[in-house]
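For reference, my_file00.cif (mmCIF, C-alpha atoms):
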```cif
data_structure
loop_
_atom_site.group_PDB
_atom_site.id
_atom_site.type_symbol
_atom_site.label_atom_id
_atom_site.label_comp_id
_atom_site.auth_asym_id
_atom_site.auth_seq_id
_atom_site.Cartn_x
_atom_site.Cartn_y
_atom_site.Cartn_z
ATOM 1 C CA MET L 30 0.000 0.000 0.000
ATOM 2 C CA ASN L 31 1.126 3.530 -0.759
ATOM 3 C CA GLU L 32 2.326 5.103 2.495
ATOM 4 C CA LYS L 33 2.875 8.569 1.058
ATOM 5 C CA LYS L 34 -0.319 9.876 2.654
ATOM 6 C CA LEU L 35 0.368 11.449 6.046
ATOM 7 C CA ILE L 36 -1.931 10.825 9.015
ATOM 8 C CA SER L 37 -1.912 13.441 11.781
ATOM 9 C CA VAL L 38 -2.700 11.821 15.126
ATOM 10 C CA ILE L 39 -3.843 14.312 17.776
ATOM 11 C CA VAL L 40 -3.346 13.343 21.437
ATOM 12 C CA PRO L 41 -4.339 15.789 24.207
ATOM 13 C CA ALA L 42 -2.651 15.008 27.527
ATOM 14 C CA TYR L 43 -3.859 15.959 30.983
ATOM 15 C CA LYS L 44 -3.260 14.026 34.212
ATOM 16 C CA THR L 45 -2.622 10.732 32.431
ATOM 17 C CA GLU L 46 1.010 10.037 33.327
ATOM 18 C CA LYS L 47 -0.021 6.488 34.352
ATOM 19 C CA TYR L 48 -1.303 5.662 30.860
ATOM 20 C CA ILE L 49 0.257 7.995 28.316
ATOM 21 C CA ARG L 50 3.250 5.784 27.534
ATOM 22 C CA GLN L 51 0.984 2.907 26.526
ATOM 23 C CA CYS L 52 -0.980 5.339 24.364
ATOM 24 C CA VAL L 53 2.010 6.866 22.573
ATOM 25 C CA ASP L 54 3.776 3.520 22.169
ATOM 26 C CA SER L 55 0.685 2.096 20.480
ATOM 27 C CA ILE L 56 0.819 4.927 17.928
ATOM 28 C CA LEU L 57 4.570 4.691 17.357
ATOM 29 C CA ASN L 58 4.239 0.930 16.850
ATOM 30 C CA GLN L 59 1.617 1.201 14.124
ATOM 31 C CA THR L 60 2.404 -0.893 11.069
ATOM 32 C CA TYR L 61 1.547 2.227 9.030
ATOM 33 C CA LYS L 62 4.530 4.492 9.616
ATOM 34 C CA ASN L 63 3.814 7.797 7.856
ATOM 35 C CA LEU L 64 2.437 9.578 10.902
ATOM 36 C CA GLU L 65 2.605 13.023 12.434
ATOM 37 C CA ILE L 66 1.915 12.629 16.156
ATOM 38 C CA ILE L 67 0.904 15.828 17.937
ATOM 39 C CA LEU L 68 1.009 15.591 21.735
ATOM 40 C CA VAL L 69 -0.732 18.540 23.375
ATOM 41 C CA ASP L 70 0.207 19.032 27.020
ATOM 42 C CA ASP L 71 -2.840 20.894 28.325
ATOM 43 C CA GLY L 72 -1.058 22.348 31.337
ATOM 44 C CA SER L 73 -0.916 18.934 32.983
ATOM 45 C CA PRO L 74 0.330 19.163 36.608
ATOM 46 C CA ASP L 75 1.823 15.653 36.622
ATOM 47 C CA LYS L 76 4.722 14.234 34.586
ATOM 48 C CA CYS L 77 2.905 14.300 31.240
ATOM 49 C CA PRO L 78 4.887 17.349 29.980
ATOM 50 C CA GLU L 79 8.233 15.658 30.614
ATOM 51 C CA ILE L 80 7.032 12.357 29.150
ATOM 52 C CA CYS L 81 5.860 14.119 25.981
ATOM 53 C CA ASP L 82 9.173 15.943 25.588
ATOM 54 C CA ALA L 83 11.105 12.712 26.070
ATOM 55 C CA TYR L 84 9.133 11.029 23.287
ATOM 56 C CA ALA L 85 9.778 13.965 20.948
ATOM 57 C CA LYS L 86 13.519 13.462 21.427
ATOM 58 C CA GLN L 87 13.188 9.772 20.552
ATOM 59 C CA ASP L 88 11.101 10.068 17.382
ATOM 60 C CA ASP L 89 11.048 12.960 14.921
ATOM 61 C CA ARG L 90 7.438 12.180 13.962
ATOM 62 C CA ILE L 91 6.350 13.630 17.301
ATOM 63 C CA ILE L 92 5.484 17.292 17.844
ATOM 64 C CA VAL L 93 4.794 18.560 21.372
ATOM 65 C CA ILE L 94 2.671 21.579 22.212
ATOM 66 C CA HIS L 95 2.654 22.965 25.761
ATOM 67 C CA GLN L 96 -0.210 25.252 26.732
ATOM 68 C CA ASP L 97 -1.863 26.517 29.886
ATOM 69 C CA ASN L 98 -4.780 24.350 30.918
ATOM 70 C CA ALA L 99 -7.694 25.245 28.649
ATOM 71 C CA GLY L 100 -9.542 21.956 28.279
ATOM 72 C CA LEU L 101 -9.839 19.157 25.767
ATOM 73 C CA SER L 102 -11.461 21.281 23.050
ATOM 74 C CA ALA L 103 -8.752 23.930 23.118
ATOM 75 C CA ALA L 104 -6.033 21.254 23.066
ATOM 76 C CA ARG L 105 -7.519 19.515 20.030
ATOM 77 C CA ASN L 106 -8.135 22.843 18.285
ATOM 78 C CA LYS L 107 -4.523 23.886 18.780
ATOM 79 C CA ALA L 108 -3.364 20.688 17.097
ATOM 80 C CA LEU L 109 -5.897 21.053 14.287
ATOM 81 C CA ASP L 110 -4.498 24.518 13.597
ATOM 82 C CA ILE L 111 -0.975 23.215 12.951
ATOM 83 C CA CYS L 112 -1.385 19.649 11.702
ATOM 84 C CA ARG L 113 -0.159 18.827 8.193
ATOM 85 C CA GLY L 114 -1.710 15.427 7.561
ATOM 86 C CA ASP L 115 -3.772 14.320 4.587
ATOM 87 C CA TYR L 116 -5.880 12.520 7.192
ATOM 88 C CA ILE L 117 -6.672 13.369 10.806
ATOM 89 C CA ALA L 118 -7.149 11.002 13.736
ATOM 90 C CA PHE L 119 -7.673 11.490 17.465
ATOM 91 C CA VAL L 120 -6.548 9.364 20.416
ATOM 92 C CA ASP L 121 -7.184 10.120 24.081
ATOM 93 C CA SER L 122 -4.043 9.799 26.171
ATOM 94 C CA ASP L 123 -5.432 7.139 28.530
ATOM 95 C CA ASP L 124 -6.441 4.873 25.608
ATOM 96 C CA TRP L 125 -4.458 2.924 23.018
ATOM 97 C CA LEU L 126 -4.644 1.455 19.516
ATOM 98 C CA GLU L 127 -4.199 -1.988 18.006
ATOM 99 C CA PRO L 128 -1.031 -2.100 15.844
ATOM 100 C CA GLU L 129 -2.801 -2.495 12.477
ATOM 101 C CA THR L 130 -5.309 0.323 12.972
ATOM 102 C CA TYR L 131 -4.022 2.859 10.477
ATOM 103 C CA ASP L 132 -2.946 0.243 7.926
ATOM 104 C CA SER L 133 -6.520 -1.040 7.919
ATOM 105 C CA VAL L 134 -7.911 2.495 7.704
ATOM 106 C CA MET L 135 -5.738 3.392 4.719
ATOM 107 C CA GLN L 136 -6.636 0.138 3.010
ATOM 108 C CA ALA L 137 -10.353 0.997 3.311
ATOM 109 C CA ILE L 138 -9.766 4.528 2.029
ATOM 110 C CA HIS L 139 -7.747 3.233 -0.930
ATOM 111 C CA GLN L 140 -10.204 0.478 -1.873
ATOM 112 C CA HIS L 141 -13.488 2.318 -1.316
ATOM 113 C CA ASN L 142 -12.641 5.991 -1.935
ATOM 114 C CA VAL L 143 -14.212 7.262 1.302
ATOM 115 C CA ASP L 144 -13.537 10.372 3.367
ATOM 116 C CA VAL L 145 -14.066 8.820 6.813
ATOM 117 C CA VAL L 146 -13.376 5.384 8.299
ATOM 118 C CA LEU L 147 -15.085 4.274 11.512
ATOM 119 C CA PHE L 148 -14.209 1.350 13.776
ATOM 120 C CA ALA L 149 -15.316 -0.155 17.079
ATOM 121 C CA ALA L 150 -13.624 0.001 20.495
ATOM 122 C CA ASN L 151 -12.841 -2.476 23.218
ATOM 123 C CA VAL L 152 -14.121 -1.309 26.595
ATOM 124 C CA ILE L 153 -11.384 -1.561 29.241
ATOM 125 C CA GLU L 154 -12.374 -1.723 32.909
ATOM 126 C CA SER L 155 -9.761 -2.298 35.619
ATOM 127 C CA GLY L 156 -7.310 -3.326 32.923
ATOM 128 C CA MET L 157 -9.624 -5.962 31.428
ATOM 129 C CA LYS L 158 -11.547 -5.996 28.152
ATOM 130 C CA THR L 159 -15.204 -6.226 29.139
ATOM 131 C CA GLY L 160 -16.988 -5.646 25.871
ATOM 132 C CA VAL L 161 -17.101 -3.898 22.517
ATOM 133 C CA ARG L 162 -18.849 -0.627 21.731
ATOM 134 C CA PHE L 163 -19.453 1.640 18.738
ATOM 135 C CA ASP L 164 -19.863 -1.237 16.251
ATOM 136 C CA TYR L 165 -22.789 0.420 14.523
ATOM 137 C CA PHE L 166 -23.026 -1.432 11.217
ATOM 138 C CA PRO L 167 -21.774 -4.709 9.712
ATOM 139 C CA GLU L 168 -18.207 -4.818 8.455
ATOM 140 C CA GLY L 169 -17.869 -3.149 5.086
ATOM 141 C CA THR L 170 -20.955 -0.946 5.317
ATOM 142 C CA ILE L 171 -20.586 2.295 3.371
ATOM 143 C CA LYS L 172 -22.771 5.337 4.057
ATOM 144 C CA SER L 173 -22.891 8.511 2.003
ATOM 145 C CA ALA L 174 -21.885 11.855 3.493
ATOM 146 C CA SER L 175 -25.539 12.944 3.690
ATOM 147 C CA GLU L 176 -26.498 9.691 5.417
ATOM 148 C CA MET L 177 -23.657 10.170 7.904
ATOM 149 C CA MET L 178 -24.776 13.706 8.635
ATOM 150 C CA GLN L 179 -28.269 12.428 9.447
ATOM 151 C CA LEU L 180 -26.958 9.511 11.515
ATOM 152 C CA THR L 181 -24.743 11.786 13.607
ATOM 153 C CA LEU L 182 -27.391 14.503 13.949
ATOM 154 C CA GLU L 183 -29.762 11.888 15.383
ATOM 155 C CA ASP L 184 -26.966 10.294 17.469
ATOM 156 C CA ARG L 185 -27.439 6.928 15.791
ATOM 157 C CA VAL L 186 -23.689 7.036 15.162
ATOM 158 C CA GLY L 187 -21.912 8.466 18.193
ATOM 159 C CA GLY L 188 -19.956 11.667 18.294
ATOM 160 C CA GLN L 189 -16.692 10.271 19.672
ATOM 161 C CA VAL L 190 -13.945 11.345 17.272
ATOM 162 C CA TRP L 191 -11.413 8.744 18.386
ATOM 163 C CA THR L 192 -13.201 5.895 16.577
ATOM 164 C CA LYS L 193 -12.908 7.715 13.257
ATOM 165 C CA VAL L 194 -10.191 8.792 10.842
ATOM 166 C CA TYR L 195 -11.115 11.744 8.647
ATOM 167 C CA THR L 196 -9.889 13.230 5.387
ATOM 168 C CA ARG L 197 -8.338 16.594 6.202
ATOM 169 C CA LYS L 198 -11.047 18.565 4.378
ATOM 170 C CA CYS L 199 -13.638 17.307 6.885
ATOM 171 C CA TRP L 200 -12.122 19.661 9.464
ATOM 172 C CA ASN L 201 -12.060 22.757 7.276
ATOM 173 C CA ASN L 202 -13.628 25.500 9.433
ATOM 174 C CA VAL L 203 -14.710 22.920 12.025
ATOM 175 C CA ARG L 204 -13.448 23.230 15.592
ATOM 176 C CA PHE L 205 -14.508 21.947 19.019
ATOM 177 C CA PRO L 206 -16.494 24.317 21.275
ATOM 178 C CA VAL L 207 -14.165 25.491 24.046
ATOM 179 C CA GLY L 208 -15.311 25.250 27.651
ATOM 180 C CA ARG L 209 -17.922 22.549 27.112
ATOM 181 C CA LEU L 210 -18.174 18.881 28.013
ATOM 182 C CA TYR L 211 -19.191 16.433 25.260
ATOM 183 C CA GLU L 212 -17.482 18.718 22.802
ATOM 184 C CA ASP L 213 -17.264 15.981 20.172
ATOM 185 C CA LEU L 214 -20.999 15.274 20.366
ATOM 186 C CA ALA L 215 -21.728 18.956 19.792
ATOM 187 C CA ILE L 216 -19.943 19.012 16.424
ATOM 188 C CA SER L 217 -20.294 15.325 15.449
ATOM 189 C CA PHE L 218 -22.243 16.088 12.256
ATOM 190 C CA LYS L 219 -20.126 19.014 11.061
ATOM 191 C CA PRO L 220 -17.160 17.110 9.530
ATOM 192 C CA PHE L 221 -19.654 15.320 7.283
ATOM 193 C CA LEU L 222 -20.808 18.650 5.878
ATOM 194 C CA ASN L 223 -17.358 18.859 4.267
ATOM 195 C CA ALA L 224 -17.199 15.205 3.232
ATOM 196 C CA GLU L 225 -17.928 14.155 -0.335
ATOM 197 C CA ASN L 226 -17.286 10.428 -0.508
ATOM 198 C CA GLY L 227 -18.981 9.050 2.586
ATOM 199 C CA ALA L 228 -17.769 6.645 5.246
ATOM 200 C CA PHE L 229 -16.660 3.023 5.624
ATOM 201 C CA PHE L 230 -17.424 0.968 8.760
ATOM 202 C CA TYR L 231 -15.185 -1.643 10.347
ATOM 203 C CA GLN L 232 -16.731 -3.807 13.039
ATOM 204 C CA LYS L 233 -13.325 -4.709 14.401
ATOM 205 C CA ALA L 234 -12.316 -2.988 17.644
ATOM 206 C CA PHE L 235 -9.113 -1.189 16.704
ATOM 207 C CA TYR L 236 -9.418 1.235 19.630
ATOM 208 C CA ASN L 237 -9.076 0.423 23.337
ATOM 209 C CA TYR L 238 -11.276 2.719 25.411
ATOM 210 C CA ARG L 239 -10.454 2.902 29.101
ATOM 211 C CA LEU L 240 -13.497 3.546 31.273
ATOM 212 C CA ASN L 241 -12.442 5.921 34.036
ATOM 213 C CA PRO L 242 -14.814 5.865 37.063
ATOM 214 C CA SER L 243 -13.991 9.532 37.715
ATOM 215 C CA GLY L 244 -14.301 10.514 34.066
ATOM 216 C CA ILE L 245 -16.928 12.721 32.462
ATOM 217 C CA SER L 246 -18.993 9.922 30.949
ATOM 218 C CA LEU L 247 -19.517 8.098 34.259
ATOM 219 C CA SER L 248 -19.776 11.036 36.638
ATOM 220 C CA VAL L 249 -23.073 11.864 38.320
ATOM 221 C CA ASN L 250 -23.323 15.594 37.760
ATOM 222 C CA PRO L 251 -26.174 17.794 36.516
ATOM 223 C CA GLN L 252 -23.672 19.664 34.330
ATOM 224 C CA ARG L 253 -23.152 16.456 32.373
ATOM 225 C CA ASN L 254 -26.776 16.493 31.209
ATOM 226 C CA TYR L 255 -26.621 20.245 30.661
ATOM 227 C CA ASN L 256 -23.750 19.886 28.215
ATOM 228 C CA ILE L 257 -25.469 17.022 26.407
ATOM 229 C CA PHE L 258 -28.541 19.258 26.175
ATOM 230 C CA LEU L 259 -26.377 21.989 24.625
ATOM 231 C CA ALA L 260 -25.014 19.517 22.086
ATOM 232 C CA PHE L 261 -28.454 18.343 20.988
ATOM 233 C CA ARG L 262 -29.712 21.912 21.031
ATOM 234 C CA ASP L 263 -26.999 22.670 18.477
ATOM 235 C CA HIS L 264 -28.073 19.616 16.451
ATOM 236 C CA TYR L 265 -31.687 20.743 16.562
ATOM 237 C CA GLU L 266 -30.908 24.316 15.570
ATOM 238 C CA TYR L 267 -28.976 23.119 12.517
ATOM 239 C CA ALA L 268 -31.717 20.671 11.515
ATOM 240 C CA HIS L 269 -34.425 23.300 12.082
ATOM 241 C CA GLN L 270 -32.661 26.033 10.136
ATOM 242 C CA ASN L 271 -32.075 23.688 7.218
ATOM 243 C CA LYS L 272 -35.530 22.037 7.383
ATOM 244 C CA LEU L 273 -34.045 18.546 7.669
ATOM 245 C CA SER L 274 -36.013 15.369 8.348
ATOM 246 C CA SER L 275 -33.928 14.914 11.527
ATOM 247 C CA GLU L 276 -35.503 18.007 13.116
ATOM 248 C CA GLY L 277 -38.056 16.144 15.236
ATOM 249 C CA VAL L 278 -35.570 13.588 16.552
ATOM 250 C CA CYS L 279 -33.067 16.324 17.437
ATOM 251 C CA LEU L 280 -35.762 18.372 19.184
ATOM 252 C CA ALA L 281 -36.851 15.354 21.220
ATOM 253 C CA ARG L 282 -33.262 14.568 22.215
ATOM 254 C CA ALA L 283 -32.576 18.164 23.273
ATOM 255 C CA THR L 284 -35.819 18.243 25.250
ATOM 256 C CA ASP L 285 -35.020 14.929 26.965
ATOM 257 C CA PHE L 286 -31.723 16.226 28.288
ATOM 258 C CA ALA L 287 -33.108 19.654 29.157
ATOM 259 C CA ILE L 288 -35.720 18.138 31.474
ATOM 260 C CA GLU L 289 -33.236 15.570 32.826
ATOM 261 C CA TYR L 290 -30.831 18.383 33.632
ATOM 262 C CA LEU L 291 -33.531 20.177 35.631
ATOM 263 C CA ASN L 292 -34.473 16.896 37.330
ATOM 264 C CA ASN L 293 -30.842 16.274 38.295
ATOM 265 C CA ARG L 294 -30.609 19.740 39.797
ATOM 266 C CA ILE L 295 -33.625 18.968 41.975
ATOM 267 C CA ARG L 296 -32.362 15.497 42.894
ATOM 268 C CA SER L 297 -28.858 16.731 43.703
ATOM 269 C CA ARG L 298 -30.096 19.894 45.458
ATOM 270 C CA VAL L 299 -27.823 21.968 43.253
ATOM 271 C CA THR L 300 -28.045 25.742 43.646
ATOM 272 C CA ASP L 301 -25.081 26.979 41.597
ATOM 273 C CA HIS L 302 -24.768 27.368 37.816
ATOM 274 C CA VAL L 303 -27.884 29.521 37.863
ATOM 275 C CA GLU L 304 -27.150 30.889 34.389
ATOM 276 C CA CYS L 305 -27.221 27.325 32.989
ATOM 277 C CA LYS L 306 -30.553 26.684 34.640
ATOM 278 C CA GLU L 307 -32.014 29.930 33.271
ATOM 279 C CA ARG L 308 -30.732 29.177 29.790
ATOM 280 C CA THR L 309 -32.391 25.769 29.880
ATOM 281 C CA LEU L 310 -35.688 27.132 31.211
ATOM 282 C CA ASN L 311 -35.730 29.850 28.570
ATOM 283 C CA TRP L 312 -35.133 27.319 25.814
ATOM 284 C CA LEU L 313 -37.973 25.111 27.032
ATOM 285 C CA ASN L 314 -40.302 28.091 27.242
ATOM 286 C CA ASP L 315 -39.291 29.607 23.909
ATOM 287 C CA ASN L 316 -39.825 26.303 22.114
ATOM 288 C CA LYS L 317 -42.964 25.151 23.954
ATOM 289 C CA PRO L 318 -45.297 24.972 20.896
ATOM 290 C CA LEU L 319 -42.759 22.983 18.867
ATOM 291 C CA ILE L 320 -41.873 20.705 21.778
ATOM 292 C CA MET L 321 -45.473 19.824 22.611
ATOM 293 C CA ALA L 322 -46.183 19.109 18.939
ATOM 294 C CA CYS L 323 -43.112 16.871 18.591
ATOM 295 C CA ASP L 324 -44.163 13.312 17.701
ATOM 296 C CA GLN L 325 -40.766 11.889 18.676
ATOM 297 C CA LEU L 326 -41.160 12.699 22.393
ATOM 298 C CA ASN L 327 -41.802 9.587 24.461
ATOM 299 C CA GLU L 328 -44.893 9.412 26.626
ATOM 300 C CA LYS L 329 -43.033 9.696 29.940
ATOM 301 C CA LYS L 330 -41.309 12.914 28.940
ATOM 302 C CA ARG L 331 -44.542 14.295 27.507
ATOM 303 C CA LYS L 332 -46.290 13.812 30.853
ATOM 304 C CA MET L 333 -43.388 15.490 32.661
ATOM 305 C CA LEU L 334 -43.598 18.433 30.288
ATOM 306 C CA ASP L 335 -47.374 18.679 30.638
ATOM 307 C CA LEU L 336 -46.894 19.184 34.380
ATOM 308 C CA TYR L 337 -43.873 21.456 33.943
ATOM 309 C CA TYR L 338 -45.659 23.762 31.511
ATOM 310 C CA PHE L 339 -48.750 23.795 33.756
ATOM 311 C CA SER L 340 -46.631 25.069 36.672
ATOM 312 C CA PRO L 341 -42.850 24.860 37.134
ATOM 313 C CA ALA L 342 -43.342 25.290 40.898
ATOM 314 C CA VAL L 343 -45.794 22.377 41.090
ATOM 315 C CA TYR L 344 -43.429 20.312 38.930
ATOM 316 C CA ARG L 345 -40.530 20.906 41.350
ATOM 317 C CA ILE L 346 -42.641 19.881 44.327
ATOM 318 C CA ALA L 347 -43.926 16.773 42.538
ATOM 319 C CA TYR L 348 -40.441 15.730 41.486
ATOM 320 C CA LYS L 349 -39.056 16.255 44.995
ATOM 321 C CA ILE L 350 -41.795 13.972 46.342
ATOM 322 C CA PHE L 351 -40.963 11.398 43.652
ATOM 323 C CA VAL L 352 -37.268 11.513 44.637
ATOM 324 C CA LEU L 353 -38.091 11.078 48.335
ATOM 325 C CA ILE L 354 -40.290 8.073 47.616
ATOM 326 C CA SER L 355 -37.636 6.555 45.331
ATOM 327 C CA GLU L 356 -34.908 7.017 47.957
ATOM 328 C CA LYS L 357 -37.031 5.266 50.617
ATOM 329 C CA LYS L 358 -37.474 2.285 48.316
#
```
Please go through the file and, once you have read it, give me the structure as structure tokens.
Amino acid sequence: MNEKKLISVIVPAYKTEKYIRQCVDSILNQTYKNLEIILVDDGSPDKCPEICDAYAKQDDRIIVIHQDNAGLSAARNKALDICRGDYIAFVDSDDWLEPETYDSVMQAIHQHNVDVVLFAANVIESGMKTGVRFDYFPEGTIKSASEMMQLTLEDRVGGQVWTKVYTRKCWNNVRFPVGRLYEDLAISFKPFLNAENGAFFYQKAFYNYRLNPSGISLSVNPQRNYNIFLAFRDHYEYAHQNKLSSEGVCLARATDFAIEYLNNRIRSRVTDHVECKERTLNWLNDNKPLIMACDQLNEKKRKMLDLYYFSPAVYRIAYKIFVLISEKK
């Protein structure tokens, strides 16, 4: 296979000194060698900065960026601004790749003329593989760019960027929203707006995804649902403005997480982040006619919203009573 095409691999690093060597070694040991590996030290307070610098001295394919802590989005954006690859991939610094990942990706691109390749991930818990996720379609499935945009808008193909390799043009004028959680979900559909030749699906788990009990995806925190709400709000606004068939699904998803965010605030007795609460309430109120006419809302959420729109105060009291009863059980 022609290895002239360069793949830029973007690896943000923050508080992962325990795992980052396994991550970087798995990239260096790829059977596909034409790689540009960009390690972004996001102001990590542990030994990640020194580890990154040491790797750069060992292998001239590695570029290290040091920046003050600004979050995952800012770290990825910084790398996107300087990367030179024909293709762009992402790896989180506590995860790692199987050795043949990029060889397999380039083979699919060469044989099927696609702009994006997707693959599954092994789930790693306490050092053990416990399952496989993100295997959305049978091996060899090809979806057009417009189909992929719809699938990602509706979250039927997840937003995680580290199970995908993209043609460089997919990221033209696309960047991650800084200061938000679930930043990849928020922009999951946007790279496909720039794609022309669609996507190829592997079912094989080339990626090893380490579940961190203290990580964002497993944390119990109202702000988690708030940021997912923001992501689906962005999906809905795009679908609504462009009169897409995904509009109803996106509206239902945004509404689900808006009400769950408010429920979590009540359950957790949260009183801070008032501006987030007000933004969510305003969105629910501004979109009330569309929300209540949305066929994709499930019956449970519709009943919640009926009570909420009747009286937010009564809704809060009713939900507090529900929580108390649930806790006693």
The centre and edge lengths of an axis-aligned box containing all atoms of stretch 276-291 of chain L present in the file, extended by 3 Å on each side, are to be given in Å to one decimal, as lines of an AutoDock Vina configuration file.
```
center_x = -34.4
center_y = 16.9
center_z = 24.4
size_x = 13.2
size_y = 12.6
size_z = 28.5
```
At what distance in Å, to one decimal, does atom CA of L:Glu79 lie from atom CA of L:Thr45?
->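 So the two atoms, atom CA of L:Thr45 and atom CA of L:Glu79, lie 12.1 Å apart.
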Between atom CA of L:Tyr265 and atom CA of L:Arg105, what is the spacing in Å?
->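 Rounded to one decimal, the two atoms are 24.4 Å apart.
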Any chance you could work out the residue set of the PyMOL selection byres ((chain L and resi 206) around 12) here, as an mmCIF file with C-alpha atoms, in the frame of the given file?
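Output saved as out-v6.cif:
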```cif
data_model
loop_
_atom_site.group_PDB
_atom_site.id
_atom_site.type_symbol
_atom_site.label_atom_id
_atom_site.label_comp_id
_atom_site.auth_asym_id
_atom_site.auth_seq_id
_atom_site.Cartn_x
_atom_site.Cartn_y
_atom_site.Cartn_z
ATOM 1 C CA ALA L 99 -7.694 25.245 28.649
ATOM 2 C CA GLY L 100 -9.542 21.956 28.279
ATOM 3 C CA LEU L 101 -9.839 19.157 25.767
ATOM 4 C CA SER L 102 -11.461 21.281 23.050
ATOM 5 C CA ALA L 103 -8.752 23.930 23.118
ATOM 6 C CA ALA L 104 -6.033 21.254 23.066
ATOM 7 C CA ARG L 105 -7.519 19.515 20.030
ATOM 8 C CA ASN L 106 -8.135 22.843 18.285
ATOM 9 C CA VAL L 203 -14.710 22.920 12.025
ATOM 10 C CA ARG L 204 -13.448 23.230 15.592
ATOM 11 C CA PHE L 205 -14.508 21.947 19.019
ATOM 12 C CA VAL L 207 -14.165 25.491 24.046
ATOM 13 C CA GLY L 208 -15.311 25.250 27.651
ATOM 14 C CA ARG L 209 -17.922 22.549 27.112
ATOM 15 C CA LEU L 210 -18.174 18.881 28.013
ATOM 16 C CA TYR L 211 -19.191 16.433 25.260
ATOM 17 C CA GLU L 212 -17.482 18.718 22.802
ATOM 18 C CA ASP L 213 -17.264 15.981 20.172
ATOM 19 C CA LEU L 214 -20.999 15.274 20.366
ATOM 20 C CA ALA L 215 -21.728 18.956 19.792
ATOM 21 C CA ILE L 216 -19.943 19.012 16.424
ATOM 22 C CA SER L 217 -20.294 15.325 15.449
ATOM 23 C CA ASN L 256 -23.750 19.886 28.215
ATOM 24 C CA LEU L 259 -26.377 21.989 24.625
ATOM 25 C CA ALA L 260 -25.014 19.517 22.086
ATOM 26 C CA ASP L 263 -26.999 22.670 18.477
#
```
Atom CA of L:Phe339 to atom CA of L:Cys279 measures 23.8 Å
Hits of the PyMOL selection byres ((chain L and resi 194) around 12) in this structure, as a PDB file with C-alpha atoms, keeping the file's coordinate frame:
```
ATOM      1  CA  LEU L  35       0.368  11.449   6.046  1.00  0.00           C
ATOM      2  CA  ILE L  36      -1.931  10.825   9.015  1.00  0.00           C
ATOM      3  CA  SER L  37      -1.912  13.441  11.781  1.00  0.00           C
ATOM      4  CA  VAL L  38      -2.700  11.821  15.126  1.00  0.00           C
ATOM      5  CA  ILE L  39      -3.843  14.312  17.776  1.00  0.00           C
ATOM      6  CA  GLY L 114      -1.710  15.427   7.561  1.00  0.00           C
ATOM      7  CA  ASP L 115      -3.772  14.320   4.587  1.00  0.00           C
ATOM      8  CA  TYR L 116      -5.880  12.520   7.192  1.00  0.00           C
ATOM      9  CA  ILE L 117      -6.672  13.369  10.806  1.00  0.00           C
ATOM     10  CA  ALA L 118      -7.149  11.002  13.736  1.00  0.00           C
ATOM     11  CA  PHE L 119      -7.673  11.490  17.465  1.00  0.00           C
ATOM     12  CA  VAL L 120      -6.548   9.364  20.416  1.00  0.00           C
ATOM     13  CA  THR L 130      -5.309   0.323  12.972  1.00  0.00           C
ATOM     14  CA  TYR L 131      -4.022   2.859  10.477  1.00  0.00           C
ATOM     15  CA  ASP L 132      -2.946   0.243   7.926  1.00  0.00           C
ATOM     16  CA  SER L 133      -6.520  -1.040   7.919  1.00  0.00           C
ATOM     17  CA  VAL L 134      -7.911   2.495   7.704  1.00  0.00           C
ATOM     18  CA  MET L 135      -5.738   3.392   4.719  1.00  0.00           C
ATOM     19  CA  ALA L 137     -10.353   0.997   3.311  1.00  0.00           C
ATOM     20  CA  ILE L 138      -9.766   4.528   2.029  1.00  0.00           C
ATOM     21  CA  VAL L 143     -14.212   7.262   1.302  1.00  0.00           C
ATOM     22  CA  ASP L 144     -13.537  10.372   3.367  1.00  0.00           C
ATOM     23  CA  VAL L 145     -14.066   8.820   6.813  1.00  0.00           C
ATOM     24  CA  VAL L 146     -13.376   5.384   8.299  1.00  0.00           C
ATOM     25  CA  LEU L 147     -15.085   4.274  11.512  1.00  0.00           C
ATOM     26  CA  PHE L 148     -14.209   1.350  13.776  1.00  0.00           C
ATOM     27  CA  GLN L 189     -16.692  10.271  19.672  1.00  0.00           C
ATOM     28  CA  VAL L 190     -13.945  11.345  17.272  1.00  0.00           C
ATOM     29  CA  TRP L 191     -11.413   8.744  18.386  1.00  0.00           C
ATOM     30  CA  THR L 192     -13.201   5.895  16.577  1.00  0.00           C
ATOM     31  CA  LYS L 193     -12.908   7.715  13.257  1.00  0.00           C
ATOM     32  CA  TYR L 195     -11.115  11.744   8.647  1.00  0.00           C
ATOM     33  CA  THR L 196      -9.889  13.230   5.387  1.00  0.00           C
ATOM     34  CA  ARG L 197      -8.338  16.594   6.202  1.00  0.00           C
ATOM     35  CA  LYS L 198     -11.047  18.565   4.378  1.00  0.00           C
ATOM     36  CA  CYS L 199     -13.638  17.307   6.885  1.00  0.00           C
ATOM     37  CA  TRP L 200     -12.122  19.661   9.464  1.00  0.00           C
ATOM     38  CA  PRO L 220     -17.160  17.110   9.530  1.00  0.00           C
ATOM     39  CA  ALA L 228     -17.769   6.645   5.246  1.00  0.00           C
ATOM     40  CA  PHE L 229     -16.660   3.023   5.624  1.00  0.00           C
ATOM     41  CA  PHE L 230     -17.424   0.968   8.760  1.00  0.00           C
ATOM     42  CA  TYR L 231     -15.185  -1.643  10.347  1.00  0.00           C
ATOM     43  CA  PHE L 235      -9.113  -1.189  16.704  1.00  0.00           C
ATOM     44  CA  TYR L 236      -9.418   1.235  19.630  1.00  0.00           C
TER      45      TYR L 236
END
```
Which polymer residues have any atom within 9 Å of an atom of stretch 331-334 of chain L, counting all atoms listed in the file, with same-chain residues fewer than 4 positions away left out, as a VMD selection string?
-> chain L and resid 288 320 to 321 326 to 327 338 to 339 344
Any chance you could export the current selection's C-alpha atoms as a compact mmCIF listing (two decimals), in the coordinates of the input?
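Okay, this is what ended up in selection_27.txt:
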```txt
# COMPACT_ATOMS: atom_id res chain seq x y z
CA ILE L 288 -35.72 18.14 31.47
CA ILE L 320 -41.87 20.70 21.78
CA MET L 321 -45.47 19.82 22.61
CA LEU L 326 -41.16 12.70 22.39
CA ASN L 327 -41.80 9.59 24.46
CA TYR L 338 -45.66 23.76 31.51
CA PHE L 339 -48.75 23.80 33.76
CA TYR L 344 -43.43 20.31 38.93
```
